[in-house]
>>> print(open('work37.txt').read())   # compact mmCIF, C-alpha atoms and all ligand atoms
# COMPACT_ATOMS: atom_id res chain seq x y z
CA MET Y 1 -32.98 -152.47 -11.07
CA ARG Y 2 -36.57 -152.75 -9.88
CA ASP Y 3 -37.40 -154.73 -6.72
CA GLU Y 4 -40.50 -156.41 -8.11
CA ALA Y 5 -40.92 -158.36 -11.33
CA LEU Y 6 -42.46 -156.61 -14.31
CA PRO Y 7 -44.90 -158.78 -16.31
CA GLU Y 8 -43.55 -160.05 -19.61
CA ASP Y 9 -46.13 -158.11 -21.67
CA GLU Y 10 -45.08 -154.90 -20.01
CA VAL Y 11 -41.38 -155.53 -20.72
CA ILE Y 12 -42.13 -156.36 -24.36
CA ARG Y 13 -44.21 -153.20 -24.69
CA ILE Y 14 -41.21 -151.12 -23.58
CA LEU Y 15 -38.96 -152.97 -26.03
CA MET Y 16 -41.37 -152.37 -28.90
CA GLU Y 17 -41.61 -148.70 -28.04
CA MET Y 18 -37.81 -148.44 -28.15
CA LYS Y 19 -37.55 -150.41 -31.37
CA GLU Y 20 -39.93 -147.98 -33.02
CA ARG Y 21 -37.43 -145.23 -32.32
CA ASP Y 22 -34.82 -147.00 -34.45
CA PHE Y 23 -34.62 -145.94 -38.08
CA SER Y 24 -35.41 -148.25 -40.97
CA TYR Y 25 -32.88 -149.83 -43.34
CA ASP Y 26 -35.02 -148.68 -46.31
CA ARG Y 27 -33.45 -145.24 -46.17
CA PHE Y 28 -29.92 -146.20 -45.07
CA PHE Y 29 -27.14 -145.30 -47.49
CA SER Y 30 -24.64 -144.99 -44.65
CA THR Y 31 -24.27 -148.57 -43.47
CA MET Y 32 -22.20 -151.54 -44.55
CA CYS Y 33 -24.60 -153.83 -42.68
CA THR Y 34 -28.00 -154.91 -43.89
CA ARG Y 35 -31.03 -156.89 -42.77
CA PRO Y 36 -29.79 -160.43 -42.26
CA HIS Y 37 -31.09 -163.13 -44.58
CA PRO Y 38 -34.11 -164.91 -43.00
CA ILE Y 39 -32.26 -168.23 -42.84
CA ALA Y 40 -29.44 -166.53 -40.92
CA VAL Y 41 -31.99 -165.27 -38.39
CA ARG Y 42 -33.41 -168.78 -37.95
CA ALA Y 43 -29.98 -170.31 -37.48
CA HIS Y 44 -28.99 -167.54 -35.06
CA ASP Y 45 -32.06 -168.25 -32.93
CA MET Y 46 -31.30 -172.00 -32.88
CA PHE Y 47 -27.80 -171.50 -31.44
CA LEU Y 48 -28.40 -168.53 -29.12
CA GLU Y 49 -27.19 -170.28 -25.98
CA THR Y 50 -24.02 -171.74 -27.46
CA ASN Y 51 -20.54 -170.60 -26.41
CA LEU Y 52 -17.62 -171.14 -28.75
CA GLY Y 53 -15.32 -170.05 -25.95
CA ASP Y 54 -15.69 -173.57 -24.56
CA PRO Y 55 -16.08 -175.56 -27.77
CA GLY Y 56 -15.91 -179.00 -26.18
CA LEU Y 57 -19.37 -178.34 -24.73
CA PHE Y 58 -20.77 -177.39 -28.14
CA PRO Y 59 -19.01 -179.64 -30.69
CA GLY Y 60 -21.85 -179.24 -33.18
CA VAL Y 61 -21.59 -175.49 -33.53
CA ALA Y 62 -17.78 -175.68 -33.25
CA ASP Y 63 -17.89 -177.91 -36.34
CA LEU Y 64 -20.15 -175.39 -38.10
CA GLU Y 65 -17.58 -172.67 -37.37
CA GLN Y 66 -14.78 -174.75 -38.91
CA ARG Y 67 -16.96 -175.48 -41.94
CA VAL Y 68 -17.49 -171.73 -42.41
CA VAL Y 69 -13.73 -171.16 -42.14
CA ARG Y 70 -13.22 -173.80 -44.81
CA MET Y 71 -15.83 -172.28 -47.14
CA LEU Y 72 -14.33 -168.81 -46.67
CA GLY Y 73 -10.85 -170.22 -47.33
CA GLU Y 74 -12.05 -171.84 -50.56
CA LEU Y 75 -13.71 -168.58 -51.60
CA LEU Y 76 -10.43 -166.73 -51.03
CA GLY Y 77 -8.12 -169.21 -52.73
CA CYS Y 78 -6.78 -171.23 -49.79
CA SER Y 79 -8.98 -174.18 -48.83
CA ASN Y 80 -6.85 -175.09 -45.80
CA ALA Y 81 -6.72 -171.57 -44.34
CA ALA Y 82 -6.90 -171.42 -40.54
CA GLY Y 83 -9.06 -168.99 -38.61
CA TYR Y 84 -12.22 -168.33 -36.71
CA ILE Y 85 -15.45 -166.34 -36.70
CA SER Y 86 -14.84 -163.12 -34.80
CA THR Y 87 -17.13 -160.28 -33.77
CA GLY Y 88 -16.32 -158.23 -36.89
CA GLY Y 89 -13.69 -156.43 -38.88
CA THR Y 90 -12.18 -154.64 -35.90
CA GLU Y 91 -11.47 -157.84 -33.98
CA SER Y 92 -10.17 -159.60 -37.09
CA ASN Y 93 -7.82 -156.73 -37.89
CA ILE Y 94 -6.58 -156.56 -34.28
CA GLN Y 95 -5.90 -160.29 -34.23
CA ALA Y 96 -4.20 -160.38 -37.63
CA ILE Y 97 -1.79 -157.62 -36.62
CA ARG Y 98 -1.28 -159.15 -33.17
CA ALA Y 99 -0.29 -162.45 -34.79
CA ALA Y 100 2.10 -160.63 -37.15
CA ARG Y 101 3.66 -158.65 -34.31
CA ASN Y 102 4.09 -161.74 -32.13
CA GLU Y 103 5.56 -163.69 -35.00
CA ALA Y 104 8.02 -160.89 -35.82
CA GLY Y 105 8.94 -160.68 -32.13
CA LYS Y 106 9.95 -157.02 -32.45
CA LYS Y 107 9.59 -154.32 -29.82
CA ASP Y 108 8.78 -150.71 -30.86
CA GLY Y 109 7.37 -152.01 -34.13
CA ASN Y 110 5.33 -150.24 -36.74
CA ILE Y 111 2.72 -151.13 -39.34
CA VAL Y 112 2.28 -149.49 -42.72
CA VAL Y 113 -1.32 -148.96 -43.77
CA PRO Y 114 -2.83 -146.86 -46.58
CA ALA Y 115 -4.23 -143.45 -45.57
CA SER Y 116 -7.64 -144.90 -46.45
CA ALA Y 117 -7.44 -147.58 -43.73
CA HIS Y 118 -10.40 -148.07 -41.42
CA PHE Y 119 -10.10 -146.46 -37.98
CA SER Y 120 -9.71 -149.91 -36.42
CA PHE Y 121 -6.00 -149.60 -37.31
CA ASP Y 122 -5.71 -146.54 -35.05
CA LYS Y 123 -7.16 -148.64 -32.23
CA ILE Y 124 -4.63 -151.33 -33.10
CA GLY Y 125 -1.73 -148.90 -32.82
CA ASP Y 126 -2.90 -147.95 -29.35
CA LEU Y 127 -3.71 -151.48 -28.15
CA LEU Y 128 -0.63 -153.22 -29.50
CA CYS Y 129 1.78 -150.30 -28.94
CA LEU Y 130 2.67 -150.08 -32.62
CA GLU Y 131 3.35 -146.96 -34.65
CA VAL Y 132 0.78 -146.67 -37.44
CA ARG Y 133 2.43 -145.25 -40.57
CA LYS Y 134 0.01 -144.04 -43.21
CA ALA Y 135 0.98 -144.31 -46.85
CA GLU Y 136 -0.25 -141.80 -49.41
CA LEU Y 137 -2.92 -142.68 -51.94
CA ASP Y 138 -2.53 -142.43 -55.71
CA GLU Y 139 -4.96 -140.45 -57.90
CA CYS Y 140 -7.37 -143.42 -57.93
CA LEU Y 141 -7.35 -143.46 -54.11
CA ARG Y 142 -5.33 -146.70 -53.87
CA ALA Y 143 -2.26 -147.19 -51.68
CA ASP Y 144 0.71 -145.62 -53.41
CA LEU Y 145 3.42 -148.28 -53.62
CA ALA Y 146 6.34 -145.82 -53.63
CA SER Y 147 4.97 -144.24 -50.47
CA VAL Y 148 4.55 -147.68 -48.85
CA ARG Y 149 8.16 -148.57 -49.74
CA SER Y 150 9.44 -145.33 -48.23
CA LEU Y 151 7.70 -146.08 -44.90
CA VAL Y 152 8.80 -149.69 -44.48
CA ASP Y 153 11.88 -150.26 -42.31
CA GLU Y 154 13.40 -153.00 -40.16
CA ARG Y 155 10.82 -152.37 -37.41
CA THR Y 156 7.83 -152.96 -39.70
CA VAL Y 157 5.84 -155.97 -38.47
CA ALA Y 158 3.00 -155.83 -41.00
CA LEU Y 159 1.84 -154.23 -44.22
CA VAL Y 160 -1.87 -153.69 -44.75
CA GLY Y 161 -3.75 -153.55 -48.04
CA ILE Y 162 -7.48 -152.95 -48.34
CA ALA Y 163 -9.80 -154.76 -50.71
CA GLY Y 164 -12.84 -152.51 -50.56
CA THR Y 165 -11.98 -149.32 -48.68
CA THR Y 166 -14.55 -148.07 -46.21
CA GLU Y 167 -14.99 -144.71 -47.88
CA PHE Y 168 -14.40 -145.36 -51.59
CA GLY Y 169 -14.82 -149.11 -52.09
CA GLN Y 170 -11.41 -149.06 -53.77
CA VAL Y 171 -9.01 -152.02 -54.01
CA ASP Y 172 -5.34 -151.48 -53.18
CA PRO Y 173 -2.64 -152.93 -55.49
CA ILE Y 174 -2.35 -156.14 -53.47
CA GLU Y 175 0.11 -157.81 -55.86
CA GLY Y 176 2.46 -154.83 -55.55
CA LEU Y 177 2.15 -154.86 -51.77
CA ALA Y 178 2.76 -158.62 -51.75
CA LYS Y 179 5.97 -158.10 -53.72
CA ILE Y 180 7.24 -155.69 -51.05
CA ALA Y 181 6.10 -158.07 -48.29
CA LEU Y 182 7.92 -161.04 -49.82
CA GLU Y 183 11.09 -159.05 -50.47
CA ARG Y 184 11.20 -157.74 -46.91
CA LYS Y 185 9.73 -160.90 -45.30
CA ILE Y 186 6.86 -158.97 -43.71
CA HIS Y 187 3.32 -160.18 -42.96
CA LEU Y 188 0.78 -158.77 -45.44
CA HIS Y 189 -2.74 -158.46 -44.08
CA VAL Y 190 -5.60 -157.74 -46.46
CA ASP Y 191 -8.62 -156.01 -44.93
CA ALA Y 192 -11.54 -157.25 -47.03
CA ALA Y 193 -14.10 -156.72 -44.28
CA PHE Y 194 -16.44 -155.25 -46.89
CA GLY Y 195 -14.99 -156.41 -50.22
CA GLY Y 196 -14.54 -160.04 -49.24
CA PHE Y 197 -18.14 -160.87 -50.09
CA VAL Y 198 -18.15 -158.58 -53.17
CA LEU Y 199 -14.96 -159.11 -55.19
CA PRO Y 200 -15.31 -162.89 -55.70
CA PHE Y 201 -18.74 -162.27 -57.25
CA LEU Y 202 -17.89 -159.32 -59.52
CA GLU Y 203 -17.10 -159.64 -63.20
CA GLY Y 204 -13.37 -159.56 -63.85
CA ASP Y 205 -10.45 -161.27 -62.20
CA TRP Y 206 -9.36 -159.34 -59.15
CA ARG Y 207 -6.03 -160.57 -57.80
CA TRP Y 208 -6.13 -159.70 -54.14
CA ASP Y 209 -6.68 -162.83 -52.03
CA PHE Y 210 -4.64 -165.91 -51.03
CA ARG Y 211 -4.06 -166.65 -54.73
CA VAL Y 212 -1.49 -163.87 -54.50
CA PRO Y 213 1.68 -165.31 -52.92
CA GLY Y 214 2.68 -163.09 -50.01
CA VAL Y 215 -0.84 -162.48 -48.66
CA SER Y 216 -0.65 -163.84 -45.10
CA SER Y 217 -4.07 -163.06 -43.63
CA ILE Y 218 -7.48 -161.73 -44.62
CA THR Y 219 -10.39 -160.07 -42.81
CA ILE Y 220 -13.79 -160.86 -44.39
CA ASP Y 221 -17.04 -159.96 -42.64
CA PRO Y 222 -20.17 -162.08 -42.99
CA HIS Y 223 -22.16 -159.37 -41.17
CA LYS Y 224 -21.58 -156.90 -44.01
CA MET Y 225 -22.11 -158.18 -47.57
CA GLY Y 226 -22.36 -161.78 -46.27
CA MET Y 227 -25.92 -161.13 -45.05
CA SER Y 228 -25.32 -162.92 -41.77
CA THR Y 229 -26.36 -161.66 -38.35
CA ILE Y 230 -24.30 -159.24 -36.26
CA PRO Y 231 -21.71 -160.00 -34.84
CA ALA Y 232 -20.04 -162.11 -37.55
CA GLY Y 233 -16.51 -161.33 -38.66
CA GLY Y 234 -14.06 -163.63 -40.38
CA LEU Y 235 -10.32 -163.94 -39.80
CA LEU Y 236 -8.24 -166.25 -42.00
CA PHE Y 237 -4.53 -167.07 -42.05
CA ARG Y 238 -2.73 -168.83 -44.86
CA GLU Y 239 -0.60 -170.71 -42.30
CA GLN Y 240 -2.04 -172.65 -39.37
CA GLU Y 241 1.06 -171.60 -37.43
CA CYS Y 242 -0.09 -167.95 -37.40
CA LEU Y 243 -2.99 -168.92 -35.15
CA SER Y 244 -0.55 -170.35 -32.64
CA HIS Y 245 0.92 -166.85 -32.19
CA LEU Y 246 -2.46 -165.87 -30.74
CA GLU Y 247 -2.97 -168.81 -28.43
CA THR Y 248 -3.09 -168.79 -24.67
CA GLU Y 249 -3.47 -171.80 -22.38
CA THR Y 250 -6.96 -172.30 -21.06
CA HIS Y 251 -6.24 -174.61 -18.14
CA TYR Y 252 -9.75 -175.54 -17.04
CA LEU Y 253 -11.71 -175.46 -20.32
CA THR Y 254 -12.63 -178.32 -22.65
CA LYS Y 255 -9.88 -177.29 -25.05
CA ALA Y 256 -6.33 -176.65 -23.86
CA ARG Y 257 -5.61 -173.55 -25.96
CA GLN Y 258 -7.60 -170.59 -27.29
CA ALA Y 259 -6.70 -168.24 -30.15
CA SER Y 260 -9.74 -165.94 -30.13
CA LEU Y 261 -9.61 -162.46 -28.59
CA THR Y 262 -12.81 -162.82 -26.61
CA GLY Y 263 -13.32 -165.70 -24.21
CA THR Y 264 -17.03 -166.41 -24.12
CA ARG Y 265 -18.34 -165.92 -27.66
CA SER Y 266 -21.61 -166.76 -29.30
CA GLY Y 267 -21.88 -169.64 -31.75
CA ALA Y 268 -25.08 -168.07 -33.15
CA ALA Y 269 -23.38 -165.86 -35.72
CA ALA Y 270 -21.19 -168.76 -36.92
CA ALA Y 271 -24.30 -170.89 -37.40
CA ALA Y 272 -26.07 -168.02 -39.15
CA THR Y 273 -23.11 -167.57 -41.51
CA TYR Y 274 -23.02 -171.29 -42.28
CA ALA Y 275 -26.76 -171.25 -43.02
CA VAL Y 276 -26.69 -168.27 -45.36
CA MET Y 277 -23.58 -169.44 -47.24
CA MET Y 278 -25.01 -172.93 -47.76
CA HIS Y 279 -28.44 -171.63 -48.72
CA LEU Y 280 -27.32 -168.95 -51.20
CA GLY Y 281 -24.28 -170.63 -52.66
CA ARG Y 282 -22.02 -168.74 -55.06
CA GLU Y 283 -24.98 -168.20 -57.40
CA GLY Y 284 -26.99 -166.47 -54.70
CA PHE Y 285 -24.16 -164.15 -53.71
CA LYS Y 286 -23.48 -163.36 -57.37
CA GLU Y 287 -27.12 -162.37 -57.73
CA THR Y 288 -26.97 -160.09 -54.68
CA VAL Y 289 -23.76 -158.43 -55.84
CA ARG Y 290 -25.26 -157.96 -59.33
CA TYR Y 291 -28.30 -156.29 -57.74
CA CYS Y 292 -26.11 -153.99 -55.60
CA MET Y 293 -23.97 -153.04 -58.62
CA ASN Y 294 -27.13 -152.26 -60.62
CA LEU Y 295 -28.20 -149.94 -57.80
CA THR Y 296 -24.74 -148.37 -57.87
CA HIS Y 297 -24.88 -147.67 -61.61
CA HIS Y 298 -28.42 -146.36 -61.26
CA LEU Y 299 -27.30 -143.93 -58.55
CA VAL Y 300 -24.23 -142.75 -60.45
CA SER Y 301 -26.05 -142.19 -63.75
CA GLY Y 302 -28.88 -140.39 -61.94
CA ALA Y 303 -26.37 -138.21 -60.06
CA ARG Y 304 -24.63 -137.30 -63.33
CA LYS Y 305 -27.98 -136.16 -64.76
CA ILE Y 306 -28.19 -133.55 -62.00
CA GLY Y 307 -24.55 -132.53 -62.46
CA VAL Y 308 -23.01 -134.52 -59.62
CA GLU Y 309 -19.90 -136.60 -60.32
CA PRO Y 310 -18.43 -139.44 -58.29
CA LEU Y 311 -14.88 -138.98 -56.97
CA ILE Y 312 -13.85 -142.19 -58.73
CA GLU Y 313 -15.67 -144.59 -61.01
CA PRO Y 314 -17.06 -147.07 -58.43
CA THR Y 315 -15.29 -150.42 -58.24
CA MET Y 316 -17.89 -151.87 -55.95
CA ASN Y 317 -21.13 -150.73 -54.34
CA VAL Y 318 -19.65 -147.74 -52.51
CA VAL Y 319 -19.98 -144.29 -54.06
CA ALA Y 320 -18.40 -140.97 -53.06
CA LEU Y 321 -20.31 -138.07 -54.62
CA GLN Y 322 -18.67 -134.69 -55.04
CA VAL Y 323 -21.05 -131.97 -53.89
CA PRO Y 324 -20.37 -128.41 -52.74
CA SER Y 325 -20.44 -128.10 -48.91
CA PRO Y 326 -20.99 -131.82 -48.29
CA ALA Y 327 -21.60 -131.31 -44.56
CA ARG Y 328 -24.53 -128.96 -45.26
CA VAL Y 329 -25.92 -131.21 -47.97
CA ARG Y 330 -25.71 -134.20 -45.66
CA GLU Y 331 -27.47 -132.33 -42.89
CA GLU Y 332 -30.30 -131.31 -45.24
CA LEU Y 333 -30.65 -134.87 -46.49
CA MET Y 334 -30.75 -136.20 -42.94
CA LYS Y 335 -33.64 -133.79 -42.24
CA ARG Y 336 -35.44 -135.60 -45.06
CA ASP Y 337 -34.74 -138.91 -43.36
CA TRP Y 338 -31.94 -140.02 -45.68
CA HIS Y 339 -29.02 -141.53 -43.84
CA VAL Y 340 -25.81 -140.74 -45.66
CA SER Y 341 -22.27 -140.36 -44.38
CA MET Y 342 -19.19 -138.46 -45.49
CA THR Y 343 -15.65 -139.29 -46.48
CA ARG Y 344 -12.86 -137.62 -44.52
CA GLU Y 345 -10.53 -134.79 -45.53
CA PRO Y 346 -8.86 -134.13 -47.91
CA LYS Y 347 -11.47 -135.84 -50.10
CA ARG Y 348 -14.67 -134.71 -48.43
CA ALA Y 349 -17.66 -136.12 -50.32
CA LEU Y 350 -21.05 -137.69 -49.68
CA ARG Y 351 -20.56 -141.40 -49.06
CA LEU Y 352 -23.25 -143.87 -50.08
CA ILE Y 353 -23.22 -147.64 -49.77
CA LEU Y 354 -25.67 -149.50 -51.98
CA MET Y 355 -26.67 -152.53 -49.94
CA GLY Y 356 -29.26 -155.18 -50.78
CA HIS Y 357 -31.92 -153.39 -48.71
CA MET Y 358 -31.89 -150.39 -51.09
CA THR Y 359 -34.29 -150.10 -54.04
CA HIS Y 360 -34.21 -148.30 -57.40
CA GLU Y 361 -37.37 -146.42 -56.36
CA ASN Y 362 -35.74 -145.09 -53.21
CA ILE Y 363 -32.66 -144.05 -55.16
CA ASP Y 364 -34.92 -142.00 -57.45
CA LEU Y 365 -36.59 -140.37 -54.45
CA PHE Y 366 -33.18 -139.69 -52.93
CA LEU Y 367 -31.88 -138.08 -56.14
CA LYS Y 368 -34.92 -135.80 -56.27
CA ASP Y 369 -34.19 -134.65 -52.74
CA LEU Y 370 -30.49 -134.27 -53.52
CA GLU Y 371 -31.29 -132.10 -56.56
CA ASP Y 372 -33.63 -130.00 -54.47
CA VAL Y 373 -31.08 -129.54 -51.68
CA LEU Y 374 -28.36 -128.57 -54.18
CA ARG Y 375 -30.60 -125.94 -55.78
CA ARG Y 376 -31.17 -124.09 -52.49
N1 LIG L 1 -12.40 -152.73 -42.19
C1 LIG L 1 -13.14 -152.10 -43.11
C2 LIG L 1 -12.61 -151.95 -44.50
C3 LIG L 1 -14.39 -151.58 -42.75
O1 LIG L 1 -15.10 -150.91 -43.66
C4 LIG L 1 -14.84 -151.75 -41.42
C5 LIG L 1 -16.17 -151.21 -40.96
C6 LIG L 1 -14.03 -152.44 -40.51
C7 LIG L 1 -12.81 -152.92 -40.93
C8 LIG L 1 -14.45 -152.68 -39.09
O2 LIG L 1 -15.51 -153.58 -39.04
P1 LIG L 1 -16.48 -153.71 -37.79
O3 LIG L 1 -17.26 -152.44 -37.71
O4 LIG L 1 -17.27 -154.91 -38.11
O5 LIG L 1 -15.61 -153.91 -36.60
N2 LIG L 1 -16.82 -150.34 -41.82
C9 LIG L 1 -18.05 -149.68 -41.50
C10 LIG L 1 -17.74 -148.21 -41.23
O6 LIG L 1 -16.98 -147.89 -40.31
C11 LIG L 1 -18.80 -150.26 -40.35
C12 LIG L 1 -20.17 -149.73 -40.20
C13 LIG L 1 -21.25 -150.54 -40.37
C14 LIG L 1 -20.41 -148.40 -39.85
C15 LIG L 1 -22.53 -150.07 -40.18
C16 LIG L 1 -21.69 -147.90 -39.71
C17 LIG L 1 -22.75 -148.73 -39.87
O7 LIG L 1 -24.02 -148.25 -39.70
O8 LIG L 1 -18.23 -147.39 -41.96
>>> encode(input="work37.txt", output="structure tokens")
Amino acid sequence: MRDEALPEDEVIRILMEMKERDFSYDRFFSTMCTRPHPIAVRAHDMFLETNLGDPGLFPGVADLEQRVVRMLGELLGCSNAAGYISTGGTESNIQAIRAARNEAGKKDGNIVVPASAHFSFDKIGDLLCLEVRKAELDECLRADLASVRSLVDERTVALVGIAGTTEFGQVDPIEGLAKIALERKIHLHVDAAFGGFVLPFLEGDWRWDFRVPGVSSITIDPHKMGMSTIPAGGLLFREQECLSHLETETHYLTKARQASLTGTRSGAAAAATYAVMMHLGREGFKETVRYCMNLTHHLVSGARKIGVEPLIEPTMNVVALQVPSPARVREELMKRDWHVSMTREPKRALRLILMGHMTHENIDLFLKDLEDVLRR
């Protein structure tokens, strides 16, 4: 650190210079985050100094957090769900599995996740000393129920299903997983970090949330399709008691027990999530999801015109395009300032997420570049 103070203008100049080096969302197909809604930014600013780690000092924002939990619970079919606003999908997944493991009280346990699970489950295996068993996928890239059944044993502390897989946007057969979970009395966690703010607003009746008996907990991230500020994750349990499996005593704080993973934690993202959910309402989210699905169909039909097929018919606004040598194609597209990612082996493909910041015009420009790259 410097010895002398640097004038504010000078510090801001450095910050602006650095910010200019960051890329712009306009050309991001690779991210599940987006520019936060303006009202989320305002709310975030208003609650910057708040700490939900000591909620007795900030009862206002603590109340906002509980209101968000209630709204999320209602959205997912369980208005009295218990939970909190975490830092994102990783923390929510860690905490859900930690609660399940503590509740099961088993040593040398394992969890059964689909092969399409987000890498946060590998972190979980390491952190919680659990074996992570990966079930095969069926031809539609959903968890294969027979494979799940074959991996479950008496040491299994949780099953995981995904509603909106990171790479394919696919939804696992949650009702089938719930049947196994109920039969074997195992916690079923649904990772809807991405899909949680998509599926309730899509046409069709998707049965994947707390309306399915046997679903014990859900991850749903406001900082992805919820248009809140980063870091805003959601963790919900059907039973209040599950939260108690996460609690530690907090002797000298304003509240005697704490269930969150982090101690000090910002109330800003909870306030931002409250603001955006209240302001948009179900109608607003439906509109956003409709827009993102229109982008998705526009991309897929344009890709087909240049001879490129998606791996599966998209369920939500995530598309995996089959191209020859995807790594080379991606590299060439990156040179043209398009940010795309790739799915992993054995289904290597270009992965594109159609978020609200994308436009039809930019998709057309992208497709032109893709066609050009494929011709070379
Ligand atoms: N579960 C699912 C299904 C996810 O897709 C993700 C993240 C997580 C859990 C973990 O969430 P957090 O990253 O909030 O802890 N999926 C994205 C991914 O890995 C996250 C992301 C977002 C990556 C923006 C890149 C990026 O620019 O692809």
>>> atom_distance(input="work37.txt", atom1="CA of Phe58 (chain Y)", atom2="CA of Ala40 (chain Y)")
18.9 Å
>>> residues_near_point(input="work37.txt", point="(-22.0, -129.1, -48.3)", cutoff="12 Å", atoms="all atoms listed in the file", output="list in words")
Leu321, Gln322, Val323, Pro324, Ser325, Pro326, Ala327, Arg328, Val329, Arg330, Glu331, Glu332, Leu333, Ser341, Met342, Arg348, Ala349, Leu350, Leu370, Val373, Leu374, Arg375 and Arg376 of chain Y
>>> write_last_selection(input="work37.txt", atoms="C-alpha atoms", output="tab-separated table (two decimals), in the frame of the given file")
chain	number	residue	atom	x	y	z
Y	321	LEU	CA	-20.31	-138.07	-54.62
Y	322	GLN	CA	-18.67	-134.69	-55.04
Y	323	VAL	CA	-21.05	-131.97	-53.89
Y	324	PRO	CA	-20.37	-128.41	-52.74
Y	325	SER	CA	-20.44	-128.10	-48.91
Y	326	PRO	CA	-20.99	-131.82	-48.29
Y	327	ALA	CA	-21.60	-131.31	-44.56
Y	328	ARG	CA	-24.53	-128.96	-45.26
Y	329	VAL	CA	-25.92	-131.21	-47.97
Y	330	ARG	CA	-25.71	-134.20	-45.66
Y	331	GLU	CA	-27.47	-132.33	-42.89
Y	332	GLU	CA	-30.30	-131.31	-45.24
Y	333	LEU	CA	-30.65	-134.87	-46.49
Y	341	SER	CA	-22.27	-140.36	-44.38
Y	342	MET	CA	-19.19	-138.46	-45.49
Y	348	ARG	CA	-14.67	-134.71	-48.43
Y	349	ALA	CA	-17.66	-136.12	-50.32
Y	350	LEU	CA	-21.05	-137.69	-49.68
Y	370	LEU	CA	-30.49	-134.27	-53.52
Y	373	VAL	CA	-31.08	-129.54	-51.68
Y	374	LEU	CA	-28.36	-128.57	-54.18
Y	375	ARG	CA	-30.60	-125.94	-55.78
Y	376	ARG	CA	-31.17	-124.09	-52.49
>>> atom_distance(input="work37.txt", atom1="CA of Pro222 (chain Y)", atom2="CA of Val276 (chain Y)")
9.3 Å
>>> residues_near_ligand(input="work37.txt", ligand="ligand LIG 1 (chain L)", cutoff="7 Å", atoms="all atoms listed in the file", output="PyMOL selection string")
chain Y and resi 30-33+87-91+93+117-118+120+162+164-166+191-194+221+233
>>> write_last_selection(input="work37.txt", atoms="C-alpha atoms", output="short mmCIF file (atom, residue, chain, number, x, y, z; two decimals), in the frame of the given file")
data_model
loop_
_atom_site.label_atom_id
_atom_site.label_comp_id
_atom_site.auth_asym_id
_atom_site.auth_seq_id
_atom_site.Cartn_x
_atom_site.Cartn_y
_atom_site.Cartn_z
CA SER Y 30 -24.64 -144.99 -44.65
CA THR Y 31 -24.27 -148.57 -43.47
CA MET Y 32 -22.20 -151.54 -44.55
CA CYS Y 33 -24.60 -153.83 -42.68
CA THR Y 87 -17.13 -160.28 -33.77
CA GLY Y 88 -16.32 -158.23 -36.89
CA GLY Y 89 -13.69 -156.43 -38.88
CA THR Y 90 -12.18 -154.64 -35.90
CA GLU Y 91 -11.47 -157.84 -33.98
CA ASN Y 93 -7.82 -156.73 -37.89
CA ALA Y 117 -7.44 -147.58 -43.73
CA HIS Y 118 -10.40 -148.07 -41.42
CA SER Y 120 -9.71 -149.91 -36.42
CA ILE Y 162 -7.48 -152.95 -48.34
CA GLY Y 164 -12.84 -152.51 -50.56
CA THR Y 165 -11.98 -149.32 -48.68
CA THR Y 166 -14.55 -148.07 -46.21
CA ASP Y 191 -8.62 -156.01 -44.93
CA ALA Y 192 -11.54 -157.25 -47.03
CA ALA Y 193 -14.10 -156.72 -44.28
CA PHE Y 194 -16.44 -155.25 -46.89
CA ASP Y 221 -17.04 -159.96 -42.64
CA GLY Y 233 -16.51 -161.33 -38.66
#
>>> closest_residue(input="work37.txt", among="Y:Leu367, Y:Leu76, Y:Leu280, Y:Ala270", to="Pro38 (chain Y)", atoms="only C-alpha atoms")
Y:Leu280
>>> decode(input="work37.txt", residues="region 302-307 of chain Y", atoms="N, CA, C and O atoms", output="compact mmCIF listing (two decimals), in the first residue's frame")
# COMPACT_ATOMS: atom_id res chain seq x y z
N GLY Y 302 -31.80 -19.82 -37.11
CA GLY Y 302 -30.71 -19.25 -37.91
C GLY Y 302 -29.57 -20.24 -38.06
O GLY Y 302 -28.97 -20.36 -39.14
N ALA Y 303 -29.26 -20.96 -36.98
CA ALA Y 303 -28.17 -21.95 -37.03
C ALA Y 303 -28.52 -23.06 -38.03
O ALA Y 303 -27.68 -23.49 -38.83
N ARG Y 304 -29.80 -23.49 -37.99
CA ARG Y 304 -30.22 -24.57 -38.91
C ARG Y 304 -30.06 -24.12 -40.36
O ARG Y 304 -29.68 -24.94 -41.22
N LYS Y 305 -30.31 -22.83 -40.63
CA LYS Y 305 -30.17 -22.34 -42.01
C LYS Y 305 -28.74 -22.45 -42.51
O LYS Y 305 -28.50 -22.51 -43.71
N ILE Y 306 -27.77 -22.45 -41.60
CA ILE Y 306 -26.38 -22.60 -42.05
C ILE Y 306 -25.87 -24.03 -41.76
O ILE Y 306 -24.67 -24.27 -41.67
N GLY Y 307 -26.82 -24.93 -41.54
CA GLY Y 307 -26.47 -26.36 -41.42
C GLY Y 307 -25.96 -26.78 -40.05
O GLY Y 307 -25.29 -27.80 -39.92
